[in-house]
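Participant: Input file: model_32.txt. Contents: compact mmCIF, C-alpha atoms.
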# COMPACT_ATOMS: atom_id res chain seq x y z
CA GLN A 1 23.46 4.86 -7.48
CA SER A 2 20.99 2.94 -5.33
CA LEU A 3 19.07 1.75 -8.40
CA ALA A 4 22.28 0.49 -10.03
CA ARG A 5 23.24 -1.32 -6.82
CA HIS A 6 19.88 -2.70 -5.66
CA GLY A 7 17.72 -2.84 -8.81
CA LYS A 8 14.45 -2.21 -6.97
CA VAL A 9 14.23 1.10 -5.12
CA ILE A 10 11.64 3.39 -3.54
CA ALA A 11 12.21 7.14 -3.94
CA GLN A 12 10.41 9.03 -1.17
CA LEU A 13 9.58 12.71 -1.67
CA PRO A 14 6.83 14.67 0.11
CA THR A 15 3.68 15.83 -1.66
CA GLY A 16 4.60 18.96 -3.59
CA GLY A 17 8.28 18.03 -3.62
CA GLY A 18 8.45 17.48 -7.39
CA LYS A 19 8.09 13.72 -7.95
CA THR A 20 6.84 14.15 -11.53
CA VAL A 21 9.81 16.36 -12.43
CA CYS A 22 12.21 13.84 -10.91
CA PHE A 23 10.93 10.72 -12.61
CA CYS A 24 10.52 12.49 -15.98
CA SER A 25 14.19 13.49 -15.76
CA ILE A 26 15.10 9.86 -15.06
CA ILE A 27 12.97 8.72 -18.00
CA GLU A 28 14.80 11.21 -20.25
CA SER A 29 18.21 9.84 -19.21
CA TYR A 30 17.13 6.23 -19.88
CA VAL A 31 15.68 7.05 -23.30
CA LYS A 32 18.88 8.88 -24.30
CA ASN A 33 20.72 5.64 -23.52
CA GLY A 34 18.44 3.68 -25.83
CA LYS A 35 16.34 2.09 -23.10
CA ARG A 36 12.60 1.62 -22.81
CA VAL A 37 10.55 2.79 -19.81
CA LEU A 38 7.11 1.84 -18.51
CA LEU A 39 5.39 4.30 -16.18
CA LEU A 40 2.60 2.77 -14.08
CA VAL A 41 -0.12 4.88 -12.51
CA HIS A 42 -3.52 4.09 -11.04
CA ARG A 43 -5.43 7.21 -12.03
CA LYS A 44 -6.01 9.05 -15.29
CA GLU A 45 -5.05 12.43 -13.80
CA LEU A 46 -1.57 11.10 -12.98
CA ILE A 47 -1.05 10.05 -16.60
CA GLN A 48 -2.10 13.50 -17.79
CA GLN A 49 0.41 15.19 -15.48
CA ALA A 50 3.28 12.98 -16.64
CA ALA A 51 2.30 13.33 -20.31
CA ALA A 52 2.31 17.13 -20.10
CA LYS A 53 5.82 17.12 -18.64
CA LEU A 54 7.17 14.55 -21.13
CA PHE A 55 5.66 16.53 -24.03
CA LYS A 56 7.54 19.66 -22.92
CA MET A 57 10.73 17.59 -22.79
CA GLY A 58 10.14 16.31 -26.32
CA LEU A 59 10.00 12.66 -25.29
CA ASN A 60 8.06 10.33 -27.57
CA HIS A 61 5.55 8.36 -25.51
CA GLY A 62 2.57 6.09 -25.98
CA TYR A 63 -0.49 5.42 -23.84
CA ILE A 64 -1.91 2.21 -22.46
CA LEU A 65 -5.22 3.65 -21.45
CA SER A 66 -8.86 2.71 -21.95
CA GLY A 67 -10.20 4.15 -25.20
CA VAL A 68 -6.74 5.04 -26.55
CA GLN A 69 -4.96 3.18 -29.35
CA PRO A 70 -1.64 1.83 -28.00
CA ALA A 71 1.69 2.55 -29.70
CA TYR A 72 3.99 -0.07 -28.22
CA SER A 73 6.96 0.86 -30.42
CA ARG A 74 7.53 4.16 -28.61
CA PRO A 75 10.30 4.14 -25.99
CA VAL A 76 8.11 5.44 -23.14
CA GLN A 77 4.77 3.88 -22.24
CA LEU A 78 2.38 5.63 -19.85
CA ALA A 79 0.09 2.93 -18.52
CA SER A 80 -3.01 2.79 -16.38
CA ILE A 81 -2.57 -0.27 -14.18
CA GLN A 82 -6.26 -1.13 -14.62
CA THR A 83 -5.89 -1.15 -18.43
CA LEU A 84 -2.47 -2.77 -18.71
CA ILE A 85 -3.43 -5.76 -16.58
CA ARG A 86 -6.12 -6.62 -19.17
CA ARG A 87 -3.97 -6.18 -22.31
CA ASP A 88 -0.88 -7.58 -23.99
CA MET A 89 2.13 -5.98 -22.38
CA PRO A 90 4.80 -4.01 -24.27
CA ARG A 91 8.09 -5.84 -24.82
CA ASN A 92 11.68 -5.17 -23.79
CA ILE A 93 11.06 -2.84 -20.85
CA ASP A 94 14.26 -1.85 -19.04
CA LEU A 95 12.80 0.29 -16.24
CA ILE A 96 9.38 0.27 -14.58
CA ILE A 97 8.51 3.46 -12.69
CA THR A 98 5.53 3.23 -10.37
CA ASP A 99 3.92 6.48 -9.29
CA GLU A 100 2.29 6.38 -5.83
CA CYS A 101 4.13 3.10 -5.21
CA HIS A 102 2.61 2.60 -1.75
CA HIS A 103 0.03 0.67 -3.84
CA ALA A 104 2.74 -1.52 -5.39
CA THR A 105 2.22 -4.58 -3.17
CA ALA A 106 -1.21 -5.17 -4.75
CA GLU A 107 -1.51 -8.30 -6.87
CA SER A 108 -2.11 -6.35 -10.10
CA TYR A 109 1.21 -4.49 -9.78
CA ARG A 110 3.15 -7.60 -8.84
CA THR A 111 1.73 -9.47 -11.84
CA ILE A 112 3.21 -6.79 -14.11
CA TYR A 113 6.56 -6.75 -12.28
CA ASN A 114 6.78 -10.54 -12.63
CA ALA A 115 6.29 -10.20 -16.41
CA TYR A 116 9.58 -8.24 -16.57
CA PRO A 117 12.05 -10.16 -14.38
CA ASN A 118 15.06 -8.29 -15.80
CA ALA A 119 13.65 -4.77 -15.50
CA GLU A 120 14.72 -2.33 -12.81
CA LEU A 121 11.92 -1.14 -10.51
CA LEU A 122 11.72 2.45 -9.26
CA GLY A 123 8.79 3.53 -7.13
CA PHE A 124 7.88 7.09 -6.15
CA THR A 125 5.74 8.00 -3.15
CA ALA A 126 5.37 10.65 -0.49
CA THR A 127 4.20 8.05 2.02
CA PRO A 128 5.99 4.67 2.05
CA CYS A 129 3.73 3.13 4.67
CA ARG A 130 0.68 0.88 4.79
CA THR A 131 -2.31 0.88 7.10
CA THR A 132 -1.67 -2.79 7.87
CA GLY A 133 1.77 -1.95 9.23
CA GLU A 134 3.51 -4.20 6.69
CA GLY A 135 6.45 -2.91 4.68
CA PHE A 136 7.58 -3.11 1.05
CA SER A 137 10.56 -5.45 1.23
CA GLU A 138 8.75 -8.11 -0.82
CA VAL A 139 8.85 -5.71 -3.81
CA TYR A 140 11.74 -3.27 -3.21
CA ASN A 141 15.28 -3.65 -1.87
CA ASP A 142 16.13 -0.10 -0.80
CA ILE A 143 14.67 3.33 -0.12
CA VAL A 144 16.14 6.76 -0.89
CA CYS A 145 14.53 9.68 0.95
CA GLY A 146 14.46 13.23 -0.33
CA PRO A 147 14.15 16.37 1.80
CA SER A 148 11.50 16.30 4.51
CA VAL A 149 8.34 18.41 4.65
CA LYS A 150 10.05 20.58 7.27
CA GLU A 151 13.09 21.12 5.02
CA LEU A 152 10.93 21.95 2.00
CA ILE A 153 9.05 24.52 4.10
CA GLN A 154 12.31 26.05 5.34
CA ASP A 155 13.64 26.27 1.77
CA GLY A 156 10.44 27.89 0.47
CA TYR A 157 9.19 24.98 -1.66
CA LEU A 158 6.13 24.35 0.55
CA VAL A 159 4.12 26.63 2.82
CA GLU A 160 3.75 26.04 6.54
CA PRO A 161 0.37 24.78 7.79
CA THR A 162 -1.68 26.44 10.49
CA ILE A 163 -3.82 23.75 12.09
CA TYR A 164 -7.10 24.22 13.95
CA SER A 165 -8.23 21.06 15.70
CA ALA A 166 -10.11 19.84 18.74
CA PRO A 167 -10.34 16.25 19.99
CA LEU A 168 -13.40 14.31 18.88
CA HIS A 169 -15.55 13.47 21.84
CA LEU A 170 -16.28 10.05 20.39
CA ASP A 171 -14.94 6.59 21.19
CA LEU A 172 -13.39 5.62 17.85
CA SER A 173 -11.95 2.44 19.37
CA ARG A 174 -15.36 0.83 18.98
CA VAL A 175 -15.78 1.79 15.32
CA LYS A 176 -15.76 -1.21 12.97
CA LYS A 177 -12.69 -1.49 10.74
CA THR A 178 -12.28 -2.62 7.14
CA GLY A 179 -8.87 -3.19 5.55
CA GLY A 180 -7.05 -1.81 8.57
CA ASP A 181 -8.92 1.52 8.69
CA TYR A 182 -12.26 2.74 10.00
CA ASN A 183 -15.27 1.46 8.11
CA ASP A 184 -16.82 4.25 6.02
CA LYS A 185 -20.43 3.45 6.88
CA ALA A 186 -19.66 3.22 10.60
CA LEU A 187 -17.92 6.61 10.49
CA SER A 188 -20.74 8.13 8.48
CA ASP A 189 -23.32 6.91 11.00
CA LEU A 190 -21.38 8.77 13.71
CA LEU A 191 -20.49 12.01 11.93
CA ASP A 192 -22.98 12.62 9.12
CA ASN A 193 -25.50 14.63 11.10
CA ALA A 194 -26.72 18.21 11.42
CA LYS A 195 -24.48 19.03 14.39
CA TYR A 196 -21.21 18.10 12.68
CA LEU A 197 -22.25 19.52 9.31
CA ALA A 198 -23.02 22.89 10.91
CA ASP A 199 -19.66 22.74 12.70
CA LEU A 200 -17.82 22.38 9.38
CA HIS A 201 -19.25 25.62 8.02
CA ARG A 202 -18.94 27.49 11.32
CA GLU A 203 -15.21 26.70 11.70
CA TRP A 204 -14.53 27.43 8.02
CA GLU A 205 -16.24 30.81 8.33
CA LYS A 206 -14.26 31.50 11.50
CA HIS A 207 -10.77 30.49 10.28
CA ALA A 208 -10.81 30.26 6.48
CA TYR A 209 -13.61 32.45 5.16
CA GLY A 210 -13.16 33.21 1.46
CA LYS A 211 -10.33 30.71 1.04
CA LYS A 212 -10.38 28.00 -1.62
CA THR A 213 -10.98 24.79 0.31
CA VAL A 214 -10.84 21.05 -0.37
CA VAL A 215 -12.98 18.92 1.95
CA PHE A 216 -12.29 15.22 2.51
CA ALA A 217 -15.56 13.45 3.26
CA ILE A 218 -16.37 9.94 4.46
CA THR A 219 -18.92 8.70 1.92
CA ILE A 220 -20.59 10.04 -1.21
CA GLU A 221 -23.76 10.80 0.73
CA HIS A 222 -21.76 12.56 3.45
CA SER A 223 -19.93 14.65 0.83
CA LYS A 224 -23.18 15.69 -0.80
CA HIS A 225 -24.59 16.67 2.60
CA ILE A 226 -21.51 18.82 3.19
CA VAL A 227 -22.01 20.57 -0.15
CA ALA A 228 -25.68 21.14 0.65
CA GLU A 229 -24.71 22.68 4.00
CA TYR A 230 -22.30 25.14 2.36
CA LEU A 231 -24.75 25.98 -0.41
CA SER A 232 -27.45 26.69 2.18
CA LYS A 233 -25.10 29.30 3.66
CA GLY A 234 -24.47 30.89 0.24
CA VAL A 235 -21.01 29.41 -0.29
CA PRO A 236 -20.36 28.04 -3.84
CA ALA A 237 -19.57 24.33 -3.46
CA ALA A 238 -19.36 21.17 -5.56
CA HIS A 239 -18.91 17.42 -5.03
CA ILE A 240 -16.91 14.77 -6.91
CA ASP A 241 -16.26 11.10 -6.35
CA GLY A 242 -14.99 8.08 -8.27
CA SER A 243 -18.32 7.59 -10.03
CA THR A 244 -18.49 11.17 -11.35
CA PRO A 245 -18.27 10.96 -15.19
CA ASP A 246 -14.87 12.00 -16.57
CA GLU A 247 -16.14 15.05 -18.44
CA GLU A 248 -18.12 16.32 -15.46
CA ARG A 249 -15.23 15.68 -13.09
CA SER A 250 -12.80 17.54 -15.36
CA ARG A 251 -15.22 20.46 -15.61
CA ILE A 252 -15.72 20.65 -11.82
CA LEU A 253 -11.97 20.48 -11.14
CA LYS A 254 -11.34 23.20 -13.72
CA ASP A 255 -14.11 25.39 -12.27
CA PHE A 256 -12.72 24.92 -8.77
CA ALA A 257 -9.21 25.84 -9.90
CA SER A 258 -10.57 28.96 -11.63
CA GLY A 259 -12.51 30.06 -8.52
CA LYS A 260 -16.09 29.31 -9.55
CA TYR A 261 -16.41 27.08 -6.49
CA MET A 262 -15.05 28.00 -3.08
CA ILE A 263 -15.54 24.49 -1.64
CA LEU A 264 -14.70 21.18 -3.34
CA SER A 265 -15.90 18.19 -1.35
CA ASN A 266 -14.64 14.81 -2.49
CA VAL A 267 -14.40 11.12 -1.69
CA GLY A 268 -11.13 9.44 -2.68
CA ILE A 269 -10.35 11.67 -5.68
CA VAL A 270 -8.17 14.55 -4.51
CA THR A 271 -5.81 12.56 -2.26
CA GLU A 272 -3.20 11.81 -4.96
CA GLY A 273 -2.03 13.60 -8.07
CA PHE A 274 -4.23 16.68 -7.66
CA ASP A 275 -2.09 19.75 -8.19
CA VAL A 276 -3.87 23.04 -7.50
CA PRO A 277 -1.43 25.36 -5.67
CA ALA A 278 -4.27 27.85 -5.13
CA ILE A 279 -5.78 25.57 -2.44
CA GLU A 280 -5.56 27.59 0.75
CA CYS A 281 -7.46 25.36 3.13
CA VAL A 282 -7.91 21.62 3.69
CA GLN A 283 -10.87 20.46 5.78
CA LEU A 284 -10.60 16.96 7.24
CA THR A 285 -13.90 15.33 8.20
CA ARG A 286 -12.80 11.71 7.93
CA PRO A 287 -10.96 10.07 10.87
CA THR A 288 -8.30 7.66 9.61
CA GLU A 289 -5.67 5.38 11.08
CA SER A 290 -3.71 5.65 7.83
CA LEU A 291 -0.72 7.97 8.13
CA ALA A 292 -0.37 7.85 4.34
CA LEU A 293 -3.94 9.05 3.77
CA TYR A 294 -3.54 11.82 6.36
CA LEU A 295 -0.33 13.16 4.78
CA GLN A 296 -1.76 12.90 1.27
CA MET A 297 -4.83 14.90 2.35
CA VAL A 298 -3.02 17.73 4.15
CA GLY A 299 -0.36 17.84 1.44
CA ARG A 300 -2.94 19.16 -1.03
CA GLY A 301 -2.77 22.54 0.67
CA LEU A 302 0.99 22.94 1.12
CA ARG A 303 2.03 23.87 -2.42
CA THR A 304 3.37 27.39 -2.87
CA LEU A 305 1.78 30.23 -4.80
CA ASP A 306 2.60 33.94 -5.02
CA GLY A 307 0.97 35.67 -2.07
CA LYS A 308 0.19 32.42 -0.26
CA GLU A 309 1.99 32.48 3.07
CA ARG A 310 0.35 29.57 4.88
CA ALA A 311 -2.10 26.72 4.47
CA ILE A 312 -5.00 26.32 6.86
CA ILE A 313 -5.88 22.81 8.03
CA LEU A 314 -9.28 22.42 9.69
CA ASP A 315 -9.10 19.05 11.43
CA HIS A 316 -12.53 17.84 12.54
CA ALA A 317 -11.43 14.19 12.54
CA ASN A 318 -8.79 13.74 15.26
CA CYS A 319 -6.11 13.29 12.58
CA VAL A 320 -3.45 15.58 14.02
CA PHE A 321 -3.88 14.04 17.47
CA MET A 322 -3.40 10.58 16.00
CA HIS A 323 -0.59 11.27 13.50
CA GLY A 324 1.12 14.50 14.57
CA PHE A 325 1.88 17.59 12.50
CA PRO A 326 2.49 17.21 8.75
CA GLN A 327 5.99 18.64 9.17
CA ALA A 328 6.92 16.32 12.08
CA ASP A 329 10.14 14.35 11.76
CA ARG A 330 9.48 10.84 10.40
CA GLU A 331 11.98 8.10 9.73
CA TRP A 332 10.90 6.29 6.59
CA THR A 333 12.18 2.76 6.09
CA ILE A 334 11.60 -0.09 3.65
CA LYS A 335 9.51 -1.60 6.45
CA GLY A 336 7.21 1.45 6.66
CA VAL A 337 7.57 4.30 9.11
CA ARG A 338 8.85 4.41 12.64
CA LYS A 339 6.47 6.63 14.53
CA LYS A 340 7.83 8.96 17.18
CA PRO A 341 5.71 9.89 20.19
CA LYS A 342 3.39 12.81 19.48
CA LYS A 343 3.26 15.79 21.80
Let me see the structure of the file written as structure tokens.
Facilitator:
Amino acid sequence: QSLARHGKVIAQLPTGGGKTVCFCSIIESYVKNGKRVLLLVHRKELIQQAAAKLFKMGLNHGYILSGVQPAYSRPVQLASIQTLIRRDMPRNIDLIITDECHHATAESYRTIYNAYPNAELLGFTATPCRTTGEGFSEVYNDIVCGPSVKELIQDGYLVEPTIYSAPLHLDLSRVKKTGGDYNDKALSDLLDNAKYLADLHREWEKHAYGKKTVVFAITIEHSKHIVAEYLSKGVPAAHIDGSTPDEERSRILKDFASGKYMILSNVGIVTEGFDVPAIECVQLTRPTESLALYLQMVGRGLRTLDGKERAIILDHANCVFMHGFPQADREWTIKGVRKKPKK
């Protein structure tokens, strides 16, 4: 109803709440009415997730992806934003769905939207907020919010987190910032040292021993140091980042999901579109002023699985003190999020 009325709408649903299922159902309804849909994503893994669901639904789709021959005649186009911006665009698109639409204010997305002035825009995100504090009203006209994290936990669709955290005894106010968040190198200079690395393993062994854990590191070097620390203690661990070759990254992710590795340390890879319900623990080593990044990180551990009663969050980065609990009440608006005082 909102899309019919406003034409450009954000759909907010927490991580693990079923965004892929929702937008694939919407795609199906549009195709049945003879319309054409363009799905925009910014990572290959997100295309693979959507493609798997659309295949099960029997929906004919094409890819606009590096190394793949496009098939523009098909009614559904799954497009990597990085590839589409460099190619001829498909014609006669009626609906553009943007996954992880908190990125949608970037120039590349807006260039594509402007190429389809008559298309409806529907964005999906768990976190409609930006580190800069600006909103999304220059792209979207309305927001529709799904059930909250708290409601999804109460209804059994997510597990409740148990959080272990202690305040950082560091003055982060003096840390240099880049793009509205702490500068990676400045953070690494503070936290990538023997004391903090040993603390990561010690607290994991104390609170999450034997549990499949995703670690969010600051830099590639920091992540590799974390892996070396765990390996030195006999804990199987692996590292991935944006420069890890596709085949190697796919192998590592598969081996982690199967249990070959107990620890997966990453930089900027596992925050969005990474669906491994078997994750039992999330270890935060990177302080951030971004509420979106914080919720994306902790959300990796909240998916349900038979026998999984809770998720453990090991917060070494002051995140819970800055942003509150993942299941805290938040009022999402087209202008971002109105933060309530944290207790």
Participant: May I have the residues within 12 Å of Glu289 of chain A as a PyMOL selection string, using only C-alpha atoms and disregarding those fewer than 4 positions away in the same chain?
Facilitator: chain A and resi 129-133+172-173+175+177-183+293-295+317-324
Participant: Nearest residue to Leu187 of chain A out of A:Gly146, A:Gly17, A:Pro287, A:Gly301, using all atoms listed in the file?
Facilitator: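 Result for the nearest residue to Leu187 of chain A: A:Pro287.
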Participant: Leaving out Leu152 of chain A and any residue of its chain fewer than 2 positions from it, which residues lie within 12 Å of it when counting all atoms listed in the file, given as a list in words?
Facilitator: Leu13, Pro14, Thr15, Gly16, Gly17, Gly18, Gly146, Pro147, Ser148, Val149, Lys150, Gln154, Asp155, Gly156, Tyr157, Leu158, Val159, Glu160, Leu302, Arg303, Thr304, Pro326 and Gln327 of chain A
Participant: Using only C-alpha atoms, which residue out of A:Ala119, A:Ala311, A:Ile218, A:Val37 lies closest to Tyr164 of chain A?
Facilitator: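 With only C-alpha atoms as the atom set, the closest residue is A:Ala311.
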Participant: Give me the residues within 7 Å of Thr83 of chain A as JSON, numbers by chain, counting only C-alpha atoms and dropping any in the same chain fewer than 2 places off.
Facilitator: {"A": [64, 65, 66, 80, 81, 85, 86, 87]}
Participant: May I ask which of the residues A:Ile97, A:Leu54, A:Leu84, A:Val235 is the closest one to Glu205 of chain A, counting all atoms listed in the file?
Facilitator: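 The answer is A:Val235, which sits nearest to Glu205 of chain A.
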Participant: What is the distance, in Å and to one decimal place, between atom CA of Leu191 of chain A and atom CA of Arg286 of chain A?
Facilitator: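 A separation of 8.7 Å between them.
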Participant: Pick from A:Ala71, A:Ile10, A:Cys101, A:Leu284: nearest to Val215 of chain A, with all atoms listed in the file counted?
Facilitator: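 Smallest distance to Val215 of chain A is found for A:Leu284.
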Participant: Write out as a PyMOL selection string each polymer residue whose atoms come within 7 Å of Phe216 of chain A, counting only C-alpha atoms; drop sequence neighbours fewer than 5 positions from it.
Facilitator: chain A and resi 265-267+283-286
Participant: Report, in Å to a single decimal, how far apart atom CA of Leu168 of chain A and atom CA of Asp189 of chain A are.
Facilitator: 14.7 Å
Participant: Please compute the atom CA of Ala198 of chain A-atom CA of Glu229 of chain A distance, one decimal, in Å.
Facilitator: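 Interatomic distance, atom CA of Ala198 of chain A to atom CA of Glu229 of chain A: 7.1 Å.
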Participant: Would you list the residues near (13.0, 13.4, -30.1), meaning any protein, DNA or RNA residue with an atom at most 10 Å from that point in file coordinates, counting all atoms listed in the file, as a PyMOL selection string?
Facilitator: chain A and resi 31-32+57-60
Participant: Could you check the closest approach to Val227 of chain A for each of A:Asp199, A:Leu305, A:Thr244, A:Leu264 and tell me which residue wins, using all atoms listed in the file?
Facilitator: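 Smallest distance to Val227 of chain A is found for A:Leu264.
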Participant: Taking all atoms listed in the file into account, name the residue in A:Met262, A:Val282, A:Leu253, A:Ala11 that is nearest to Glu45 of chain A.
Facilitator: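 When distances to Glu45 of chain A are compared using all atoms listed in the file, the smallest one comes from A:Leu253.
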Participant: Write out as a CSV table (one decimal) with C-alpha atoms, in the frame of the given file which residues come within 12 Å of His61 of chain A when counting all atoms listed in the file, dropping same-chain ones fewer than 2 positions away.
Facilitator:
chain,number,residue,atom,x,y,z
A,24,CYS,CA,10.5,12.5,-16.0
A,27,ILE,CA,13.0,8.7,-18.0
A,28,GLU,CA,14.8,11.2,-20.2
A,31,VAL,CA,15.7,7.0,-23.3
A,36,ARG,CA,12.6,1.6,-22.8
A,37,VAL,CA,10.6,2.8,-19.8
A,38,LEU,CA,7.1,1.8,-18.5
A,39,LEU,CA,5.4,4.3,-16.2
A,47,ILE,CA,-1.0,10.0,-16.6
A,50,ALA,CA,3.3,13.0,-16.6
A,51,ALA,CA,2.3,13.3,-20.3
A,52,ALA,CA,2.3,17.1,-20.1
A,53,LYS,CA,5.8,17.1,-18.6
A,54,LEU,CA,7.2,14.6,-21.1
A,55,PHE,CA,5.7,16.5,-24.0
A,56,LYS,CA,7.5,19.7,-22.9
A,57,MET,CA,10.7,17.6,-22.8
A,58,GLY,CA,10.1,16.3,-26.3
A,59,LEU,CA,10.0,12.7,-25.3
A,63,TYR,CA,-0.5,5.4,-23.8
A,64,ILE,CA,-1.9,2.2,-22.5
A,70,PRO,CA,-1.6,1.8,-28.0
A,71,ALA,CA,1.7,2.6,-29.7
A,72,TYR,CA,4.0,-0.1,-28.2
A,73,SER,CA,7.0,0.9,-30.4
A,74,ARG,CA,7.5,4.2,-28.6
A,75,PRO,CA,10.3,4.1,-26.0
A,76,VAL,CA,8.1,5.4,-23.1
A,77,GLN,CA,4.8,3.9,-22.2
A,78,LEU,CA,2.4,5.6,-19.8
A,79,ALA,CA,0.1,2.9,-18.5
Participant: May I ask you to restore N, CA, C and O atoms in segment 7-20 of chain A and write the result as an mmCIF file, in the frame of the given file?
Facilitator:
data_model
loop_
_atom_site.group_PDB
_atom_site.id
_atom_site.type_symbol
_atom_site.label_atom_id
_atom_site.label_comp_id
_atom_site.auth_asym_id
_atom_site.auth_seq_id
_atom_site.Cartn_x
_atom_site.Cartn_y
_atom_site.Cartn_z
ATOM 1 N N GLY A 7 18.649 -2.416 -7.767
ATOM 2 C CA GLY A 7 17.720 -2.840 -8.810
ATOM 3 C C GLY A 7 16.258 -2.538 -8.574
ATOM 4 O O GLY A 7 15.496 -2.385 -9.525
ATOM 5 N N LYS A 8 15.852 -2.464 -7.308
ATOM 6 C CA LYS A 8 14.450 -2.210 -6.970
ATOM 7 C C LYS A 8 14.419 -1.234 -5.797
ATOM 8 O O LYS A 8 14.715 -1.602 -4.664
ATOM 9 N N VAL A 9 14.045 0.011 -6.094
ATOM 10 C CA VAL A 9 14.230 1.100 -5.120
ATOM 11 C C VAL A 9 12.983 1.956 -5.013
ATOM 12 O O VAL A 9 12.329 2.252 -6.016
ATOM 13 N N ILE A 10 12.665 2.376 -3.783
ATOM 14 C CA ILE A 10 11.640 3.390 -3.540
ATOM 15 C C ILE A 10 12.314 4.750 -3.414
ATOM 16 O O ILE A 10 13.308 4.895 -2.693
ATOM 17 N N ALA A 11 11.778 5.751 -4.106
ATOM 18 C CA ALA A 11 12.210 7.140 -3.940
ATOM 19 C C ALA A 11 11.102 7.871 -3.187
ATOM 20 O O ALA A 11 9.981 7.984 -3.688
ATOM 21 N N GLN A 12 11.412 8.349 -1.997
ATOM 22 C CA GLN A 12 10.410 9.030 -1.170
ATOM 23 C C GLN A 12 10.616 10.545 -1.267
ATOM 24 O O GLN A 12 11.723 11.055 -1.095
ATOM 25 N N LEU A 13 9.544 11.255 -1.578
ATOM 26 C CA LEU A 13 9.580 12.710 -1.670
ATOM 27 C C LEU A 13 8.210 13.242 -1.273
ATOM 28 O O LEU A 13 7.198 12.748 -1.778
ATOM 29 N N PRO A 14 8.134 14.214 -0.366
ATOM 30 C CA PRO A 14 6.830 14.670 0.110
ATOM 31 C C PRO A 14 5.942 15.222 -1.003
ATOM 32 O O PRO A 14 6.421 15.633 -2.066
ATOM 33 N N THR A 15 4.644 15.216 -0.749
ATOM 34 C CA THR A 15 3.680 15.830 -1.660
ATOM 35 C C THR A 15 4.082 17.268 -1.932
ATOM 36 O O THR A 15 4.336 18.037 -1.007
ATOM 37 N N GLY A 16 4.167 17.622 -3.216
ATOM 38 C CA GLY A 16 4.600 18.960 -3.590
ATOM 39 C C GLY A 16 6.096 19.089 -3.748
ATOM 40 O O GLY A 16 6.603 20.167 -4.063
ATOM 41 N N GLY A 17 6.824 17.991 -3.546
ATOM 42 C CA GLY A 17 8.280 18.030 -3.620
ATOM 43 C C GLY A 17 8.847 17.862 -5.017
ATOM 44 O O GLY A 17 10.058 17.974 -5.209
ATOM 45 N N GLY A 18 7.996 17.564 -6.014
ATOM 46 C CA GLY A 18 8.450 17.480 -7.390
ATOM 47 C C GLY A 18 8.716 16.085 -7.893
ATOM 48 O O GLY A 18 9.654 15.861 -8.672
ATOM 49 N N LYS A 19 7.879 15.109 -7.501
ATOM 50 C CA LYS A 19 8.090 13.720 -7.950
ATOM 51 C C LYS A 19 7.991 13.594 -9.471
ATOM 52 O O LYS A 19 8.806 12.892 -10.083
ATOM 53 N N THR A 20 7.009 14.261 -10.082
ATOM 54 C CA THR A 20 6.840 14.150 -11.530
ATOM 55 C C THR A 20 8.064 14.678 -12.266
ATOM 56 O O THR A 20 8.534 14.068 -13.233
#
